[in-house]
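K.L.:
Take a look at target34.txt, compact mmCIF, C-alpha atoms:
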# COMPACT_ATOMS: atom_id res chain seq x y z
CA MET A 1 -33.78 23.67 117.71
CA ASN A 2 -34.98 25.74 120.67
CA ARG A 3 -33.03 23.94 123.37
CA LYS A 4 -33.23 24.73 127.06
CA PRO A 5 -29.97 26.35 128.25
CA LEU A 6 -30.13 24.43 131.54
CA GLY A 7 -31.43 21.22 130.01
CA HIS A 8 -34.50 21.40 132.25
CA LYS A 9 -37.16 23.77 133.59
CA SER A 10 -36.12 26.98 135.28
CA TYR A 11 -38.64 26.48 138.11
CA GLY A 12 -40.99 23.74 139.25
CA HIS A 13 -44.31 23.78 141.10
CA ILE A 14 -44.76 24.50 144.81
CA ALA A 15 -47.17 22.24 146.67
CA HIS A 16 -50.44 23.74 147.93
CA LEU A 17 -51.64 23.89 151.52
CA PRO A 18 -55.15 22.52 152.23
CA GLY A 19 -57.89 24.82 150.94
CA SER A 20 -55.63 26.56 148.43
CA ARG A 21 -56.95 27.06 144.91
CA MET A 22 -55.18 24.66 142.57
CA GLY A 23 -54.90 24.65 138.81
CA PRO A 24 -53.99 21.96 136.26
CA GLY A 25 -50.75 20.22 137.19
CA ASP A 26 -50.77 21.48 140.78
CA HIS A 27 -50.54 19.18 143.79
CA LYS A 28 -51.24 19.26 147.52
CA CYS A 29 -48.54 19.19 150.17
CA HIS A 30 -48.24 16.34 152.66
CA GLU A 31 -50.15 16.71 155.93
CA GLY A 32 -46.83 16.65 157.78
CA GLN A 33 -45.55 19.60 155.77
CA LYS A 34 -48.70 21.58 156.57
CA LYS A 35 -48.19 20.90 160.27
CA ILE A 36 -44.56 22.04 160.20
CA ALA A 37 -45.37 25.19 158.20
CA CYS A 38 -48.52 26.27 160.01
CA GLU A 39 -48.70 24.58 163.42
CA GLN A 40 -45.69 22.99 165.10
CA ALA A 41 -41.96 22.91 164.32
CA ARG A 42 -40.09 19.61 164.48
CA ASN A 43 -37.37 21.07 166.67
CA LYS A 44 -35.56 24.30 167.50
CA TYR A 45 -33.70 24.22 164.19
CA ASP A 46 -36.79 24.73 162.02
CA ARG A 47 -37.31 28.22 160.60
CA VAL A 48 -40.49 29.23 158.77
CA ILE A 49 -40.28 32.25 156.45
CA VAL A 50 -43.50 33.47 154.82
CA GLN A 51 -43.57 35.92 151.91
CA GLU A 52 -46.26 37.56 149.83
CA LYS A 53 -47.04 35.62 146.66
CA LEU A 54 -47.05 37.86 143.59
CA ASP A 55 -49.15 37.31 140.50
CA GLY A 56 -47.13 37.57 137.30
CA SER A 57 -45.04 35.39 135.01
CA ASN A 58 -42.44 33.08 136.57
CA VAL A 59 -39.09 33.78 134.89
CA GLY A 60 -35.40 33.12 135.47
CA VAL A 61 -31.95 34.35 134.52
CA THR A 62 -28.88 32.12 134.39
CA LEU A 63 -25.15 32.63 133.81
CA ILE A 64 -23.69 30.02 131.44
CA ASN A 65 -20.36 30.32 129.58
CA ASP A 66 -20.19 33.98 130.65
CA GLU A 67 -23.57 34.67 129.00
CA ILE A 68 -26.51 36.11 130.91
CA ILE A 69 -29.57 34.22 129.64
CA PRO A 70 -33.18 35.20 130.42
CA MET A 71 -35.61 32.27 130.48
CA SER A 72 -39.27 31.39 130.78
CA ARG A 73 -40.39 29.11 133.60
CA ALA A 74 -40.24 26.15 131.21
CA GLY A 75 -36.53 26.83 130.75
CA TYR A 76 -36.48 28.17 127.19
CA ARG A 77 -34.78 31.42 126.21
CA ALA A 78 -37.18 34.27 126.87
CA GLU A 79 -36.67 35.82 123.44
CA THR A 80 -38.01 32.64 121.79
CA SER A 81 -41.26 32.67 123.79
CA PRO A 82 -44.59 33.01 121.96
CA PHE A 83 -45.60 35.59 124.59
CA ILE A 84 -44.56 39.21 124.06
CA MET A 85 -44.15 39.77 127.83
CA HIS A 86 -41.13 37.46 127.76
CA HIS A 87 -39.56 39.40 124.90
CA TYR A 88 -39.85 42.55 127.02
CA PHE A 89 -38.26 40.60 129.87
CA ALA A 90 -35.35 39.58 127.65
CA SER A 91 -34.77 43.21 126.69
CA TRP A 92 -34.96 44.30 130.33
CA VAL A 93 -32.43 41.66 131.38
CA LYS A 94 -30.04 42.76 128.63
CA ALA A 95 -30.26 46.34 129.87
CA ASN A 96 -29.62 45.18 133.44
CA GLN A 97 -27.18 42.33 132.83
CA GLU A 98 -24.39 43.80 134.98
CA ARG A 99 -26.68 43.57 138.01
CA PHE A 100 -27.19 39.87 137.29
CA ARG A 101 -23.45 39.33 136.89
CA ILE A 102 -22.91 40.75 140.37
CA VAL A 103 -25.38 38.24 141.83
CA LEU A 104 -24.85 35.02 139.89
CA LYS A 105 -22.07 32.46 139.91
CA PRO A 106 -21.59 30.25 136.80
CA GLY A 107 -24.43 27.74 136.42
CA GLU A 108 -26.71 29.44 138.95
CA ARG A 109 -30.02 31.08 138.18
CA ILE A 110 -32.09 33.76 139.84
CA CYS A 111 -35.84 33.14 139.67
CA GLY A 112 -38.59 35.67 140.12
CA GLU A 113 -41.90 37.17 139.08
CA TRP A 114 -42.18 39.37 135.98
CA LEU A 115 -45.02 41.77 136.71
CA LEU A 116 -45.04 43.91 133.57
CA VAL A 117 -48.34 42.42 132.36
CA ALA A 118 -51.36 41.94 134.62
CA HIS A 119 -52.34 38.28 134.92
CA GLY A 120 -54.96 37.73 137.62
CA THR A 121 -54.12 40.81 139.71
CA LYS A 122 -53.53 44.42 138.67
CA TYR A 123 -50.69 46.34 140.33
CA ASP A 124 -49.57 49.92 140.68
CA LEU A 125 -46.01 48.82 141.33
CA PRO A 126 -43.86 50.99 143.63
CA HIS A 127 -40.76 49.36 142.11
CA GLU A 128 -39.41 47.74 138.94
CA PRO A 129 -41.43 44.85 137.44
CA PHE A 130 -38.97 42.05 138.34
CA VAL A 131 -39.20 40.61 141.88
CA ALA A 132 -36.65 37.92 142.80
CA PHE A 133 -37.65 35.04 145.09
CA ASP A 134 -34.98 32.33 144.67
CA ILE A 135 -31.43 31.63 143.61
CA MET A 136 -31.08 28.06 142.41
CA GLN A 137 -27.95 25.94 142.14
CA GLN A 138 -27.90 22.85 139.93
CA LYS A 139 -31.40 21.55 139.20
CA HIS A 140 -33.34 21.94 142.44
CA ASN A 141 -31.03 23.31 145.17
CA ARG A 142 -32.09 26.65 146.62
CA LEU A 143 -29.81 29.06 148.43
CA PRO A 144 -30.89 29.49 152.08
CA PHE A 145 -32.89 32.64 152.72
CA ASP A 146 -30.15 34.72 154.38
CA GLN A 147 -27.65 33.92 151.64
CA PHE A 148 -30.28 34.67 148.99
CA LYS A 149 -31.09 38.05 150.54
CA GLU A 150 -27.42 38.99 150.75
CA ARG A 151 -26.83 38.09 147.11
CA VAL A 152 -29.83 39.91 145.65
CA LYS A 153 -29.10 42.96 147.77
CA ALA A 154 -25.76 43.26 145.97
CA GLY A 155 -27.67 43.53 142.68
CA GLU A 156 -30.29 45.86 144.19
CA PHE A 157 -33.13 43.50 143.30
CA ILE A 158 -36.59 43.67 144.88
CA THR A 159 -37.81 40.63 146.85
CA PRO A 160 -41.33 39.70 148.03
CA LYS A 161 -42.38 41.22 151.34
CA THR A 162 -41.55 38.96 154.29
CA ILE A 163 -44.71 38.51 156.36
CA SER A 164 -43.27 36.28 159.08
CA ASP A 165 -39.86 34.84 159.97
CA GLY A 166 -39.54 32.38 162.83
CA PRO A 167 -41.99 29.78 164.14
CA PRO A 168 -44.84 28.15 162.19
CA ILE A 169 -47.75 30.46 161.40
CA SER A 170 -51.33 29.73 160.36
CA ILE A 171 -52.88 30.65 157.03
CA GLN A 172 -55.41 32.88 158.79
CA LYS A 173 -52.70 34.81 160.63
CA VAL A 174 -50.67 35.27 157.45
CA PHE A 175 -53.64 36.75 155.58
CA THR A 176 -54.35 39.05 158.52
CA LEU A 177 -50.78 40.35 158.31
CA LEU A 178 -50.99 40.64 154.51
CA GLY A 179 -54.15 42.69 154.59
CA ASP A 180 -56.28 43.08 151.49
CA PHE A 181 -53.66 44.58 149.19
CA GLY A 182 -50.32 43.32 150.47
CA PHE A 183 -47.12 45.33 150.06
CA HIS A 184 -46.41 45.54 146.32
CA GLY A 185 -49.11 47.88 145.06
CA ALA A 186 -51.90 45.39 144.35
CA LEU A 187 -55.10 47.15 143.31
CA GLU A 188 -57.24 44.20 144.37
CA GLN A 189 -57.02 41.39 146.90
CA VAL A 190 -53.60 39.75 146.96
CA GLU A 191 -53.14 36.25 145.56
CA GLY A 192 -51.64 34.51 148.56
CA ALA A 193 -48.40 33.62 150.33
CA VAL A 194 -45.46 31.20 150.20
CA TRP A 195 -44.06 29.38 153.24
CA ARG A 196 -40.31 28.52 153.09
CA ILE A 197 -39.17 25.96 155.66
CA GLU A 198 -35.47 25.84 156.44
CA SER A 199 -33.58 23.71 158.92
CA GLU A 200 -30.08 23.37 160.32
CA ILE A 201 -28.60 19.91 159.89
CA LEU A 202 -25.40 18.34 161.17
CA LYS A 203 -22.32 18.68 159.01
CA ASP A 204 -21.03 15.35 160.35
CA LYS A 205 -23.44 13.06 162.23
CA SER A 206 -20.55 11.15 163.78
CA LEU A 207 -19.37 14.35 165.49
CA GLY A 208 -22.82 15.56 166.54
CA ASN A 209 -23.13 19.26 167.41
CA ILE A 210 -19.37 19.50 167.87
CA GLY A 211 -18.97 19.32 164.09
CA GLY A 212 -21.39 22.22 163.56
CA ARG A 213 -24.49 22.64 161.43
CA TYR A 214 -25.44 24.17 158.10
CA THR A 215 -28.72 25.53 156.74
CA VAL A 216 -30.80 23.83 154.06
CA VAL A 217 -34.09 24.75 152.41
CA ASP A 218 -36.26 21.78 153.36
CA PHE A 219 -39.42 22.54 151.36
CA LEU A 220 -41.82 25.25 150.18
CA VAL A 221 -45.63 25.33 150.34
CA LYS A 222 -48.13 27.97 149.31
CA PHE A 223 -51.70 29.12 149.72
CA VAL A 224 -53.69 30.81 146.96
CA ARG A 225 -57.09 32.39 147.61
CA PRO A 226 -59.83 29.90 146.61
CA ASP A 227 -61.67 32.59 144.60
CA LYS A 228 -58.59 33.72 142.66
CA ILE A 229 -58.97 33.45 138.86
CA ASP A 230 -55.76 32.73 136.98
CA GLY A 231 -54.95 34.96 134.02
CA LYS A 232 -58.27 36.78 133.92
CA TYR A 233 -56.61 39.90 132.47
CA LEU A 234 -54.55 38.07 129.86
CA LYS A 235 -57.71 37.76 127.76
CA GLU A 236 -57.79 41.54 127.45
CA LYS A 237 -55.49 43.45 125.13
CA SER A 238 -52.37 45.24 126.43
CA ILE A 239 -53.13 45.23 130.18
CA TYR A 240 -49.87 46.53 131.65
CA ASN A 241 -49.17 47.16 135.30
CA SER A 242 -47.91 50.65 136.05
CA HIS A 243 -44.54 50.86 137.76
CA SER A 244 -41.95 53.38 138.85
Please express what this file holds, its structure, as structure tokens.

P.N.:
Amino acid sequence: MNRKPLGHKSYGHIAHLPGSRMGPGDHKCHEGQKKIACEQARNKYDRVIVQEKLDGSNVGVTLINDEIIPMSRAGYRAETSPFIMHHYFASWVKANQERFRIVLKPGERICGEWLLVAHGTKYDLPHEPFVAFDIMQQKHNRLPFDQFKERVKAGEFITPKTISDGPPISIQKVFTLLGDFGFHGALEQVEGAVWRIESEILKDKSLGNIGGRYTVVDFLVKFVRPDKIDGKYLKEKSIYNSHS
């Protein structure tokens, strides 16, 4: 039986901002989330980080029982996938497993975009085809951005270009900063962007600020160009992105 090593998916779906192109199974974000991400923070503890959204295959790598396991988004072992791109990913992870061991603690997973095969956007990649965007603990808990960046840096992994880091920022402003081709070698208009909203919450409400605060990832939202066509190159044979 092809069981999922984690017992669940490797990665779920991020809610869409208004006007974003949605596919089957996608859902819109709440109006309040849109306001926090794009217009007005709730308080001084909100932090909005926006990164370029890359167009590949969502994959993950976990460390379980001292084994480095590459997975598809659905949570199955990559080498059991019906898609050849995931078999290449499994081989790549095996060749780079020591880098993953540096980054991961038991039970954690690093999630990212596998850009070897062109999906809806062609790239001339200036880096390797794996781009990491999250480290997950347990089923849904994400490491805060600064901790994530520190971890992946130790493994020398590429991360999506950060477009903005601070207050809320509009969709229009983000796309102005992205430009037509973004920062990862896209040969056509970039797909979109992801907003990560973090906040600092009290460690002990009874002590107030005296007890200190810690950072949590509150939610993520994204915007995909309305005219973007998913997987338009997957219908062609052997469309590989070039990479260094």

K.L.:
My list of candidates is A:Leu125, A:Leu220, A:Val59, A:Val152. Which is closest to Leu187 (chain A) when distances are computed with all atoms listed in the file?

P.N.:
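Ranking A:Leu125, A:Leu220, A:Val59, A:Val152 by distance to Leu187 (chain A), first place goes to A:Leu125.
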
K.L.:
Return as JSON lines the residues of region 87-145 of chain A lying at most 12 Å from region 203-218 of chain A, together with the closest atom-to-atom pair for each and the distance in Å to one decimal, counting only C-alpha atoms, with rows in chain order and ascending residue number.

P.N.:
{"residue": "A:Asp134", "atom": "CA", "partner": "A:Val217", "partner_atom": "CA", "distance": 10.9}
{"residue": "A:Ile135", "atom": "CA", "partner": "A:Val217", "partner_atom": "CA", "distance": 11.5}
{"residue": "A:Met136", "atom": "CA", "partner": "A:Val217", "partner_atom": "CA", "distance": 11.0}
{"residue": "A:His140", "atom": "CA", "partner": "A:Val217", "partner_atom": "CA", "distance": 10.4}
{"residue": "A:Asn141", "atom": "CA", "partner": "A:Val217", "partner_atom": "CA", "distance": 8.0}
{"residue": "A:Arg142", "atom": "CA", "partner": "A:Val217", "partner_atom": "CA", "distance": 6.4}
{"residue": "A:Leu143", "atom": "CA", "partner": "A:Val217", "partner_atom": "CA", "distance": 7.3}
{"residue": "A:Pro144", "atom": "CA", "partner": "A:Val217", "partner_atom": "CA", "distance": 5.7}
{"residue": "A:Phe145", "atom": "CA", "partner": "A:Val217", "partner_atom": "CA", "distance": 8.0}

K.L.:
Rank nothing, just name the residue among A:Glu108, A:Asp180, A:Asp124, A:Glu52 nearest to Gln137 (chain A), using all atoms listed in the file.

P.N.:
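Looking at the shortest contact to Gln137 (chain A), the residue is A:Glu108.
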
K.L.:
Would you mind telling me which residue in A:Phe223, A:Trp195, A:Tyr123, A:Tyr233 lies nearest to Ile36 (chain A) when using all atoms listed in the file?

P.N.:
A:Trp195

K.L.:
In Å, how far is it from CA of Val50 (chain A) to CA of Val174 (chain A)?

P.N.:
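CA of Val50 (chain A) sits 7.8 Å away from CA of Val174 (chain A).
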